[in-house]
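The data block below is final02.cif; it holds mmCIF, C-alpha atoms and all ligand atoms.
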```
data_query
loop_
_atom_site.label_atom_id
_atom_site.label_comp_id
_atom_site.auth_asym_id
_atom_site.auth_seq_id
_atom_site.Cartn_x
_atom_site.Cartn_y
_atom_site.Cartn_z
CA MET A 1 0.00 0.00 0.00
CA ILE A 2 1.06 3.59 -0.54
CA ARG A 3 0.09 6.58 1.57
CA ILE A 4 0.55 10.15 0.39
CA GLU A 5 0.76 12.92 3.00
CA PRO A 6 -1.64 15.86 2.54
CA THR A 7 0.92 18.47 1.43
CA ALA A 8 2.50 16.07 -1.06
CA TRP A 9 -0.94 15.10 -2.32
CA ALA A 10 -1.99 18.74 -2.75
CA ALA A 11 1.18 19.42 -4.75
CA MET A 12 0.49 16.44 -7.02
CA VAL A 13 -3.06 17.52 -7.73
CA ALA A 14 -1.92 21.12 -8.32
CA HIS A 15 0.70 19.96 -10.82
CA ALA A 16 -1.86 17.81 -12.65
CA ARG A 17 -4.41 20.66 -12.80
CA GLU A 18 -1.75 23.09 -14.03
CA ALA A 19 -0.73 20.77 -16.86
CA TYR A 20 -4.33 20.11 -17.94
CA PRO A 21 -5.27 19.40 -20.75
CA ARG A 22 -1.79 17.90 -21.07
CA GLU A 23 -0.48 14.96 -19.06
CA CYS A 24 1.78 15.88 -16.17
CA CYS A 25 4.40 13.69 -14.52
CA GLY A 26 6.62 13.70 -11.48
CA ALA A 27 8.35 11.77 -8.74
CA MET A 28 7.11 10.86 -5.28
CA LEU A 29 9.72 11.03 -2.53
CA GLY A 30 9.47 9.46 0.87
CA SER A 31 10.28 6.19 2.57
CA GLU A 32 9.33 2.56 2.49
CA ASN A 33 9.15 -0.24 5.00
CA ALA A 34 7.49 -3.64 5.35
CA ASN A 35 4.06 -1.97 5.60
CA GLY A 36 4.37 -0.07 2.36
CA ARG A 37 5.39 3.29 1.03
CA LEU A 38 4.92 6.75 2.49
CA VAL A 39 5.17 9.82 0.25
CA THR A 40 6.17 13.04 2.00
CA VAL A 41 7.41 15.19 -0.90
CA THR A 42 6.14 15.66 -4.45
CA ARG A 43 8.67 16.59 -7.09
CA PRO A 44 6.93 17.82 -10.28
CA MET A 45 8.89 16.92 -13.40
CA ARG A 46 8.94 18.06 -17.00
CA ASN A 47 6.89 16.11 -19.53
CA ALA A 48 9.73 15.45 -21.99
CA PHE A 49 7.56 13.95 -24.72
CA GLU A 50 8.04 15.87 -27.95
CA GLY A 51 4.60 15.69 -29.48
CA ALA A 52 0.99 15.81 -28.33
CA GLN A 53 1.12 15.70 -24.53
CA GLU A 54 -2.66 15.37 -24.20
CA ASP A 55 -2.27 11.62 -24.07
CA THR A 56 1.45 10.95 -23.53
CA TYR A 57 4.14 11.60 -20.95
CA GLN A 58 7.82 10.84 -20.80
CA LEU A 59 10.33 11.47 -18.04
CA ASP A 60 13.58 13.28 -18.82
CA PRO A 61 16.45 10.97 -17.76
CA ALA A 62 18.72 13.91 -16.89
CA GLU A 63 16.00 15.24 -14.58
CA GLN A 64 15.56 11.75 -13.09
CA LEU A 65 19.25 11.76 -12.20
CA ALA A 66 18.84 15.19 -10.59
CA VAL A 67 15.77 14.05 -8.63
CA GLU A 68 17.62 10.97 -7.38
CA LYS A 69 20.43 13.28 -6.14
CA GLU A 70 17.94 15.65 -4.46
CA ALA A 71 16.26 12.72 -2.73
CA ARG A 72 19.61 11.41 -1.44
CA ALA A 73 20.55 14.87 -0.17
CA GLN A 74 17.28 15.04 1.82
CA GLY A 75 17.62 11.51 3.14
CA LEU A 76 14.54 10.50 1.15
CA SER A 77 13.91 7.82 -1.46
CA VAL A 78 12.18 7.98 -4.81
CA VAL A 79 9.32 5.56 -4.13
CA GLY A 80 7.01 6.27 -7.04
CA ILE A 81 6.18 8.07 -10.24
CA PHE A 82 2.89 9.84 -10.95
CA HIS A 83 1.21 11.11 -14.09
CA SER A 84 -2.21 12.42 -15.02
CA HIS A 85 -4.94 11.34 -17.42
CA PRO A 86 -6.79 14.42 -18.68
CA ASP A 87 -10.50 13.71 -19.23
CA CYS A 88 -9.92 10.01 -18.84
CA ASP A 89 -10.13 7.43 -16.05
CA ALA A 90 -7.12 6.64 -13.84
CA TYR A 91 -6.34 3.25 -15.34
CA PHE A 92 -2.93 1.85 -16.26
CA SER A 93 -2.95 1.84 -20.04
CA LYS A 94 -1.13 -0.54 -22.32
CA ARG A 95 1.49 2.12 -23.12
CA ASP A 96 1.80 3.01 -19.43
CA LEU A 97 2.54 -0.65 -18.75
CA GLN A 98 4.93 -1.17 -21.66
CA ASN A 99 7.01 1.86 -20.62
CA SER A 100 6.98 1.21 -16.88
CA CYS A 101 9.42 -0.47 -14.53
CA PRO A 102 8.83 -2.76 -11.55
CA TRP A 103 10.75 -0.67 -9.03
CA TYR A 104 8.15 1.98 -8.26
CA SER A 105 4.53 2.62 -7.45
CA PHE A 106 2.80 4.31 -10.40
CA VAL A 107 0.04 6.69 -9.37
CA VAL A 108 -2.37 7.86 -12.06
CA LEU A 109 -4.59 10.91 -11.43
CA SER A 110 -7.77 11.38 -13.42
CA ILE A 111 -8.33 15.08 -14.15
CA GLN A 112 -11.78 15.73 -15.59
CA LYS A 113 -12.65 19.15 -17.03
CA GLY A 114 -9.61 20.57 -15.22
CA GLU A 115 -10.49 19.23 -11.77
CA PHE A 116 -9.22 16.22 -9.83
CA HIS A 117 -11.62 13.30 -10.12
CA HIS A 118 -9.99 10.10 -8.78
CA ALA A 119 -6.65 8.27 -8.61
CA ASN A 120 -5.22 4.76 -8.54
CA SER A 121 -1.81 3.23 -7.89
CA PHE A 122 -0.24 0.33 -9.76
CA LEU A 123 2.71 -2.04 -9.35
CA PRO A 124 3.98 -3.26 -12.75
CA ASN A 125 5.74 -6.62 -13.11
CA PHE A 126 9.25 -7.26 -14.46
CA ASP A 127 8.26 -7.91 -18.04
CA GLN A 128 5.78 -5.02 -18.32
CA THR A 129 3.00 -7.50 -19.10
CA ALA A 130 0.76 -6.89 -16.07
CA ALA A 131 0.30 -4.41 -13.23
CA GLU A 132 -1.33 -5.09 -9.91
CA GLN A 133 -3.49 -2.36 -8.38
CA GLU A 134 -2.19 -1.28 -5.00
CA GLN A 135 -4.08 0.29 -2.10
CA LEU A 136 -3.73 4.09 -2.27
CA GLU A 137 -4.44 6.46 0.63
CA TYR A 138 -4.31 10.24 0.48
CA MET B 1 37.18 2.01 -7.18
CA PRO B 2 34.27 3.34 -9.22
CA LYS B 3 31.01 3.75 -7.37
CA ILE B 4 27.59 2.48 -8.48
CA LEU B 5 24.64 4.41 -7.02
CA ILE B 6 21.77 2.09 -6.19
CA PRO B 7 18.17 3.32 -6.68
CA THR B 8 16.12 2.95 -3.49
CA PRO B 9 13.92 0.00 -4.52
CA LEU B 10 17.04 -2.06 -5.29
CA ARG B 11 18.91 -1.36 -2.05
CA GLN B 12 17.24 -4.31 -0.36
CA PHE B 13 19.32 -6.55 -2.67
CA VAL B 14 22.65 -4.94 -1.74
CA ASP B 15 22.44 -5.10 2.05
CA LYS B 16 20.63 -1.74 2.21
CA GLN B 17 23.62 0.20 0.86
CA ASP B 18 22.88 3.29 -1.26
CA ALA B 19 26.12 2.88 -3.22
CA VAL B 20 28.42 -0.02 -3.95
CA THR B 21 32.05 0.12 -5.06
CA VAL B 22 33.25 -2.62 -7.38
CA ALA B 23 36.36 -3.27 -9.44
CA GLY B 24 36.33 -3.26 -13.21
CA ALA B 25 37.66 -1.48 -16.27
CA THR B 26 34.39 -1.04 -18.17
CA VAL B 27 30.76 -0.37 -17.30
CA GLY B 28 29.90 -3.91 -18.39
CA GLU B 29 32.51 -5.40 -16.05
CA LEU B 30 31.28 -3.30 -13.14
CA LEU B 31 27.67 -4.37 -13.62
CA GLN B 32 28.75 -8.01 -13.92
CA ALA B 33 30.78 -7.71 -10.72
CA LEU B 34 27.85 -6.01 -8.96
CA THR B 35 25.33 -8.68 -9.97
CA ASN B 36 27.79 -11.50 -9.19
CA GLN B 37 28.18 -10.14 -5.66
CA HIS B 38 24.46 -9.56 -5.27
CA ALA B 39 22.73 -12.31 -7.20
CA ASP B 40 19.19 -11.21 -6.30
CA LEU B 41 19.82 -7.95 -8.09
CA ARG B 42 20.47 -9.68 -11.40
CA LYS B 43 16.87 -10.27 -12.43
CA HIS B 44 16.10 -6.58 -11.88
CA LEU B 45 18.76 -5.49 -14.35
CA TYR B 46 19.01 -8.38 -16.81
CA ASN B 47 16.41 -10.46 -18.64
CA ASP B 48 16.59 -14.25 -19.06
CA GLU B 49 18.79 -13.84 -22.12
CA GLY B 50 21.36 -11.93 -20.08
CA LYS B 51 20.60 -8.59 -21.76
CA LEU B 52 20.00 -5.40 -19.80
CA ARG B 53 16.25 -4.99 -19.41
CA SER B 54 14.65 -2.56 -21.82
CA PHE B 55 13.81 -0.05 -19.10
CA VAL B 56 17.31 0.02 -17.61
CA ASN B 57 19.44 2.98 -18.61
CA VAL B 58 22.97 3.24 -17.28
CA TYR B 59 24.76 6.54 -16.81
CA LEU B 60 28.47 7.16 -16.43
CA ASN B 61 28.52 10.37 -14.39
CA ASP B 62 25.98 12.43 -16.39
CA GLU B 63 26.23 10.57 -19.71
CA ASP B 64 24.01 7.77 -20.97
CA ILE B 65 26.35 4.89 -21.90
CA ARG B 66 24.28 4.28 -25.06
CA TYR B 67 25.90 7.47 -26.38
CA LEU B 68 29.36 6.42 -25.19
CA ASP B 69 30.73 2.91 -25.80
CA LYS B 70 27.78 1.10 -24.18
CA ASP B 71 29.00 -1.88 -22.08
CA ALA B 72 32.57 -1.30 -23.25
CA THR B 73 32.65 2.26 -21.89
CA ALA B 74 35.91 2.68 -19.96
CA VAL B 75 35.63 3.61 -16.28
CA LYS B 76 38.04 5.48 -14.00
CA ASP B 77 38.28 5.09 -10.22
CA SER B 78 36.70 8.50 -9.69
CA ASP B 79 33.63 7.72 -11.85
CA THR B 80 30.09 7.25 -10.65
CA ILE B 81 27.62 4.91 -12.35
CA SER B 82 23.87 5.52 -12.02
CA ILE B 83 21.00 3.24 -12.94
CA VAL B 84 18.00 5.18 -14.26
CA PRO B 85 14.82 3.46 -15.45
CA SER B 86 13.28 4.81 -18.62
CA ILE B 87 9.67 5.72 -17.91
CA ALA B 88 6.88 6.98 -20.15
CA GLY B 89 3.27 6.24 -20.97
CA GLY B 90 0.20 7.22 -22.82
CA ARG B 91 -3.33 6.27 -23.62
ZN ZN C 1 -1.17 6.91 -18.41
#
```

Would you encode the structure as structure tokens?
Amino acid sequence: MIRIEPTAWAAMVAHAREAYPRECCGAMLGSENANGRLVTVTRPMRNAFEGAQEDTYQLDPAEQLAVEKEARAQGLSVVGIFHSHPDCDAYFSKRDLQNSCPWYSFVVLSIQKGEFHHANSFLPNFDQTAAEQEQLEY
Amino acid sequence: MPKILIPTPLRQFVDKQDAVTVAGATVGELLQALTNQHADLRKHLYNDEGKLRSFVNVYLNDEDIRYLDKDATAVKDSDTISIVPSIAGGR
């Protein structure tokens, strides 16, 4: 399960609303233990996809390196990645799955008509062939 | 020895360390040494055919090794290797 603290959650929703009608993306920083993951800091990231961002996102690897360094400096871990689905449900699409990795929680926020609607979290497998839905609290 | 920074979710496979130093002359040798020492890490980085998984990008300092000499990229003692997953998506 993954729990997102209120300030981190507010920052995620704000980033998703700002990007609307484009997809936003970012990293979730916090900690993890046997009970699950706790997100304390949201780190908005640039959608690096060069093309229509209404239905696509891509992380910038150079920014990922920077985020990993920032997390280390704060004594935090990158525990997940989030992105938004403008005017669409918060499901894990085929392309989301095929371009995922099994190391993180993937939170998808549904933004409908510019406002937050609902969210889900997913745990993809090693071969990017299936993702399990994970309990999400915020 | 060159240092390999370990992303958080993989630290459980390297005795909770956030960085590991290993000996080797190339990036490929370092990753082999790392996954030989920490066998549970192997399946996260390599597929069954022994190739780096498609989502695994390896950086030497701030450079993607795909744009250097890939596995054969030479490494100095002062270098840092990072493992960065490639992540994207769309409907
Ligand atoms: Zn998506």

Kindly provide the residues of chain B that approach chain A to within 6 Å, each paired with its closest atom pair and their distance in Å to one decimal, based on all atoms listed in the file, listed by chain and increasing number, as a tab-separated table.
```
residue	atom	partner	partner_atom	distance
B:Thr8	CA	A:Ser77	CA	5.7
B:Pro9	CA	A:Trp103	CA	5.6
B:Ile87	CA	A:Ser100	CA	5.4
B:Ala88	CA	A:Gln58	CA	4.0
B:Gly89	CA	A:Asp96	CA	3.9
B:Gly90	CA	A:Thr56	CA	4.0
B:Arg91	CA	A:Asp55	CA	5.5
```

For those residues, write C-alpha atoms to a file as a CSV table (one decimal), in the coordinates of the input.
```
chain,number,residue,atom,x,y,z
B,8,THR,CA,16.1,3.0,-3.5
B,9,PRO,CA,13.9,0.0,-4.5
B,87,ILE,CA,9.7,5.7,-17.9
B,88,ALA,CA,6.9,7.0,-20.2
B,89,GLY,CA,3.3,6.2,-21.0
B,90,GLY,CA,0.2,7.2,-22.8
B,91,ARG,CA,-3.3,6.3,-23.6
```

Report the centre and edge lengths, in Å to one decimal, of an axis-aligned box enclosing every atom of segment 94-103 of chain A listed in the file, padded by 4 Å on each side, as JSON.
```
{"center_x": 4.8, "center_y": 0.1, "center_z": -16.1, "size_x": 19.9, "size_y": 13.8, "size_z": 22.1}
```

> What separation in Å, quoted to one decimal, exists between atom CA of Ser110 of chain A and atom CA of Glu63 of chain A?
Replying inline: 24.1 Å

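Atom CA of Val84 of chain B is found 17.5 Å from atom CA of Thr21 of chain B.
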
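Straight-line separation from atom CA of Tyr59 of chain B to atom CA of Ser82 of chain B: 5.0 Å.
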
>> Measuring between all atoms listed in the file, which one of A:Met45, A:Val107, A:Leu123, A:Ala130 shows the shortest distance to ligand ZN 1 (chain C)?
In response: A:Val107

>> I need the residue nearest His38 of chain B from this list: B:Gln17, B:Thr73, B:Thr80, B:Ser54. Use only C-alpha atoms for the distance.
In response: B:Gln17

> Between A:Gln74, A:Asn125, A:Gly36, A:Cys24, which has the minimum distance to ligand ZN 1 (chain C) (counting all atoms listed in the file)?
Replying inline: A:Cys24

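Nearest to Pro21 of chain A of all the residues A:Gln112, A:Thr42, A:Ser121, A:Gln133 is A:Gln112, based on all atoms listed in the file.
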
>> Excluding Phe13 of chain B and its own-chain neighbours fewer than 2 positions away, which residues fall within 12 Å of it when counting all atoms listed in the file? Please give them as a list in words.
In response: Ile6, Pro7, Thr8, Pro9, Leu10, Arg11, Asp15, Lys16, Gln17, Asp18, Ala19, Val20, Leu34, Thr35, Asn36, Gln37, His38, Ala39, Asp40, Leu41, Arg42, Lys43, His44 and Leu45 of chain B

Exercise: residues within 12 Å of coordinate (19.6, -8.5, -21.6), counting only C-alpha atoms, as a short mmCIF file (atom, residue, chain, number, x, y, z; two decimals) with C-alpha atoms, in the coordinates of the input:
```cif
data_model
loop_
_atom_site.label_atom_id
_atom_site.label_comp_id
_atom_site.auth_asym_id
_atom_site.auth_seq_id
_atom_site.Cartn_x
_atom_site.Cartn_y
_atom_site.Cartn_z
CA ASP A 127 8.26 -7.91 -18.04
CA GLY B 28 29.90 -3.91 -18.39
CA GLN B 32 28.75 -8.01 -13.92
CA ARG B 42 20.47 -9.68 -11.40
CA LYS B 43 16.87 -10.27 -12.43
CA HIS B 44 16.10 -6.58 -11.88
CA LEU B 45 18.76 -5.49 -14.35
CA TYR B 46 19.01 -8.38 -16.81
CA ASN B 47 16.41 -10.46 -18.64
CA ASP B 48 16.59 -14.25 -19.06
CA GLU B 49 18.79 -13.84 -22.12
CA GLY B 50 21.36 -11.93 -20.08
CA LYS B 51 20.60 -8.59 -21.76
CA LEU B 52 20.00 -5.40 -19.80
CA ARG B 53 16.25 -4.99 -19.41
CA SER B 54 14.65 -2.56 -21.82
CA PHE B 55 13.81 -0.05 -19.10
CA VAL B 56 17.31 0.02 -17.61
CA ASN B 57 19.44 2.98 -18.61
CA ASP B 71 29.00 -1.88 -22.08
#
```

>> Applying 9 Å and all atoms listed in the file, which residues near Asp89 of chain A remain after dropping the ones on its own chain fewer than 3 positions away? List them as a list in words.
In response: His85, Pro86, Val108, Leu109, Ser110, Ile111, Gln112, His117, His118 and Ala119 of chain A

Identify, on the basis of all atoms listed in the file, every residue whose closest approach to Val75 of chain B does not exceed 12 Å; exclude the query and any residue fewer than 5 positions from it along the same chain; express the result as a tab-separated table (two decimals) with C-alpha atoms, keeping the file's coordinate frame.
```
chain	number	residue	atom	x	y	z
B	1	MET	CA	37.18	2.01	-7.18
B	2	PRO	CA	34.27	3.34	-9.22
B	3	LYS	CA	31.01	3.75	-7.37
B	4	ILE	CA	27.59	2.48	-8.48
B	22	VAL	CA	33.25	-2.62	-7.38
B	23	ALA	CA	36.36	-3.27	-9.44
B	24	GLY	CA	36.33	-3.26	-13.21
B	25	ALA	CA	37.66	-1.48	-16.27
B	26	THR	CA	34.39	-1.04	-18.17
B	27	VAL	CA	30.76	-0.37	-17.30
B	28	GLY	CA	29.90	-3.91	-18.39
B	29	GLU	CA	32.51	-5.40	-16.05
B	30	LEU	CA	31.28	-3.30	-13.14
B	31	LEU	CA	27.67	-4.37	-13.62
B	59	TYR	CA	24.76	6.54	-16.81
B	60	LEU	CA	28.47	7.16	-16.43
B	61	ASN	CA	28.52	10.37	-14.39
B	65	ILE	CA	26.35	4.89	-21.90
B	68	LEU	CA	29.36	6.42	-25.19
B	69	ASP	CA	30.73	2.91	-25.80
B	70	LYS	CA	27.78	1.10	-24.18
B	80	THR	CA	30.09	7.25	-10.65
B	81	ILE	CA	27.62	4.91	-12.35
```

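When all atoms listed in the file are used to compute distances to ligand ZN 1 (chain C), the closest of the residues A:Arg22, A:Tyr138, A:Arg37, A:Pro44 turns out to be A:Arg22.
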
Supply segment 6-36 of chain B as a PDB file, keeping the file's coordinate frame, with N, CA and C atoms built in where the input has gaps.
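And here's selection_25.pdb as it stands now:
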```pdb
ATOM      1  N   ILE B   6      22.859   3.060  -6.115  1.00  0.00           N
ATOM      2  CA  ILE B   6      21.770   2.090  -6.190  1.00  0.00           C
ATOM      3  C   ILE B   6      20.423   2.798  -5.958  1.00  0.00           C
ATOM      4  N   PRO B   7      19.492   2.715  -6.903  1.00  0.00           N
ATOM      5  CA  PRO B   7      18.170   3.320  -6.680  1.00  0.00           C
ATOM      6  C   PRO B   7      17.483   2.655  -5.479  1.00  0.00           C
ATOM      7  N   THR B   8      16.715   3.439  -4.738  1.00  0.00           N
ATOM      8  CA  THR B   8      16.120   2.950  -3.490  1.00  0.00           C
ATOM      9  C   THR B   8      15.495   1.554  -3.567  1.00  0.00           C
ATOM     10  N   PRO B   9      14.615   1.297  -4.561  1.00  0.00           N
ATOM     11  CA  PRO B   9      13.920   0.000  -4.520  1.00  0.00           C
ATOM     12  C   PRO B   9      14.867  -1.190  -4.651  1.00  0.00           C
ATOM     13  N   LEU B  10      16.095  -0.950  -5.093  1.00  0.00           N
ATOM     14  CA  LEU B  10      17.040  -2.060  -5.290  1.00  0.00           C
ATOM     15  C   LEU B  10      18.002  -2.224  -4.120  1.00  0.00           C
ATOM     16  N   ARG B  11      17.939  -1.296  -3.159  1.00  0.00           N
ATOM     17  CA  ARG B  11      18.910  -1.360  -2.050  1.00  0.00           C
ATOM     18  C   ARG B  11      18.716  -2.592  -1.193  1.00  0.00           C
ATOM     19  N   GLN B  12      17.491  -3.099  -1.154  1.00  0.00           N
ATOM     20  CA  GLN B  12      17.240  -4.310  -0.360  1.00  0.00           C
ATOM     21  C   GLN B  12      18.075  -5.491  -0.866  1.00  0.00           C
ATOM     22  N   PHE B  13      18.537  -5.439  -2.113  1.00  0.00           N
ATOM     23  CA  PHE B  13      19.320  -6.550  -2.670  1.00  0.00           C
ATOM     24  C   PHE B  13      20.821  -6.361  -2.479  1.00  0.00           C
ATOM     25  N   VAL B  14      21.219  -5.199  -1.953  1.00  0.00           N
ATOM     26  CA  VAL B  14      22.650  -4.940  -1.740  1.00  0.00           C
ATOM     27  C   VAL B  14      22.897  -4.556  -0.280  1.00  0.00           C
ATOM     28  N   ASP B  15      22.262  -5.312   0.612  1.00  0.00           N
ATOM     29  CA  ASP B  15      22.440  -5.100   2.050  1.00  0.00           C
ATOM     30  C   ASP B  15      22.149  -3.660   2.460  1.00  0.00           C
ATOM     31  N   LYS B  16      21.122  -3.070   1.844  1.00  0.00           N
ATOM     32  CA  LYS B  16      20.630  -1.740   2.210  1.00  0.00           C
ATOM     33  C   LYS B  16      21.621  -0.606   1.943  1.00  0.00           C
ATOM     34  N   GLN B  17      22.658  -0.869   1.157  1.00  0.00           N
ATOM     35  CA  GLN B  17      23.620   0.200   0.860  1.00  0.00           C
ATOM     36  C   GLN B  17      23.035   1.120  -0.225  1.00  0.00           C
ATOM     37  N   ASP B  18      23.375   2.411  -0.196  1.00  0.00           N
ATOM     38  CA  ASP B  18      22.880   3.290  -1.260  1.00  0.00           C
ATOM     39  C   ASP B  18      23.897   3.419  -2.391  1.00  0.00           C
ATOM     40  N   ALA B  19      25.106   2.904  -2.162  1.00  0.00           N
ATOM     41  CA  ALA B  19      26.120   2.880  -3.220  1.00  0.00           C
ATOM     42  C   ALA B  19      27.034   1.695  -2.964  1.00  0.00           C
ATOM     43  N   VAL B  20      27.536   1.144  -4.064  1.00  0.00           N
ATOM     44  CA  VAL B  20      28.420  -0.020  -3.950  1.00  0.00           C
ATOM     45  C   VAL B  20      29.658   0.271  -4.795  1.00  0.00           C
ATOM     46  N   THR B  21      30.839  -0.030  -4.264  1.00  0.00           N
ATOM     47  CA  THR B  21      32.050   0.120  -5.060  1.00  0.00           C
ATOM     48  C   THR B  21      32.493  -1.255  -5.523  1.00  0.00           C
ATOM     49  N   VAL B  22      32.798  -1.350  -6.813  1.00  0.00           N
ATOM     50  CA  VAL B  22      33.250  -2.620  -7.380  1.00  0.00           C
ATOM     51  C   VAL B  22      34.428  -2.355  -8.311  1.00  0.00           C
ATOM     52  N   ALA B  23      35.204  -3.397  -8.557  1.00  0.00           N
ATOM     53  CA  ALA B  23      36.360  -3.270  -9.440  1.00  0.00           C
ATOM     54  C   ALA B  23      35.971  -3.646 -10.863  1.00  0.00           C
ATOM     55  N   GLY B  24      36.588  -2.948 -11.815  1.00  0.00           N
ATOM     56  CA  GLY B  24      36.330  -3.260 -13.210  1.00  0.00           C
ATOM     57  C   GLY B  24      36.834  -2.144 -14.092  1.00  0.00           C
ATOM     58  N   ALA B  25      37.103  -2.476 -15.358  1.00  0.00           N
ATOM     59  CA  ALA B  25      37.660  -1.480 -16.270  1.00  0.00           C
ATOM     60  C   ALA B  25      36.598  -0.862 -17.170  1.00  0.00           C
ATOM     61  N   THR B  26      35.462  -1.561 -17.312  1.00  0.00           N
ATOM     62  CA  THR B  26      34.390  -1.040 -18.170  1.00  0.00           C
ATOM     63  C   THR B  26      33.065  -1.088 -17.403  1.00  0.00           C
ATOM     64  N   VAL B  27      32.077  -0.372 -17.936  1.00  0.00           N
ATOM     65  CA  VAL B  27      30.760  -0.370 -17.300  1.00  0.00           C
ATOM     66  C   VAL B  27      30.200  -1.795 -17.257  1.00  0.00           C
ATOM     67  N   GLY B  28      30.382  -2.538 -18.339  1.00  0.00           N
ATOM     68  CA  GLY B  28      29.900  -3.910 -18.390  1.00  0.00           C
ATOM     69  C   GLY B  28      30.521  -4.777 -17.294  1.00  0.00           C
ATOM     70  N   GLU B  29      31.825  -4.624 -17.097  1.00  0.00           N
ATOM     71  CA  GLU B  29      32.510  -5.400 -16.050  1.00  0.00           C
ATOM     72  C   GLU B  29      32.011  -5.033 -14.659  1.00  0.00           C
ATOM     73  N   LEU B  30      31.766  -3.749 -14.457  1.00  0.00           N
ATOM     74  CA  LEU B  30      31.280  -3.300 -13.140  1.00  0.00           C
ATOM     75  C   LEU B  30      29.906  -3.892 -12.848  1.00  0.00           C
ATOM     76  N   LEU B  31      29.027  -3.856 -13.850  1.00  0.00           N
ATOM     77  CA  LEU B  31      27.670  -4.370 -13.620  1.00  0.00           C
ATOM     78  C   LEU B  31      27.693  -5.878 -13.411  1.00  0.00           C
ATOM     79  N   GLN B  32      28.588  -6.566 -14.132  1.00  0.00           N
ATOM     80  CA  GLN B  32      28.750  -8.010 -13.920  1.00  0.00           C
ATOM     81  C   GLN B  32      29.218  -8.281 -12.494  1.00  0.00           C
ATOM     82  N   ALA B  33      30.241  -7.516 -12.060  1.00  0.00           N
ATOM     83  CA  ALA B  33      30.780  -7.710 -10.720  1.00  0.00           C
ATOM     84  C   ALA B  33      29.696  -7.432  -9.671  1.00  0.00           C
ATOM     85  N   LEU B  34      28.926  -6.373  -9.895  1.00  0.00           N
ATOM     86  CA  LEU B  34      27.850  -6.010  -8.960  1.00  0.00           C
ATOM     87  C   LEU B  34      26.827  -7.139  -8.847  1.00  0.00           C
ATOM     88  N   THR B  35      26.387  -7.665 -10.010  1.00  0.00           N
ATOM     89  CA  THR B  35      25.330  -8.680  -9.970  1.00  0.00           C
ATOM     90  C   THR B  35      25.885 -10.058  -9.601  1.00  0.00           C
ATOM     91  N   ASN B  36      27.200 -10.261  -9.712  1.00  0.00           N
ATOM     92  CA  ASN B  36      27.790 -11.500  -9.190  1.00  0.00           C
ATOM     93  C   ASN B  36      27.805 -11.473  -7.667  1.00  0.00           C
TER      94      ASN B  36
END
```
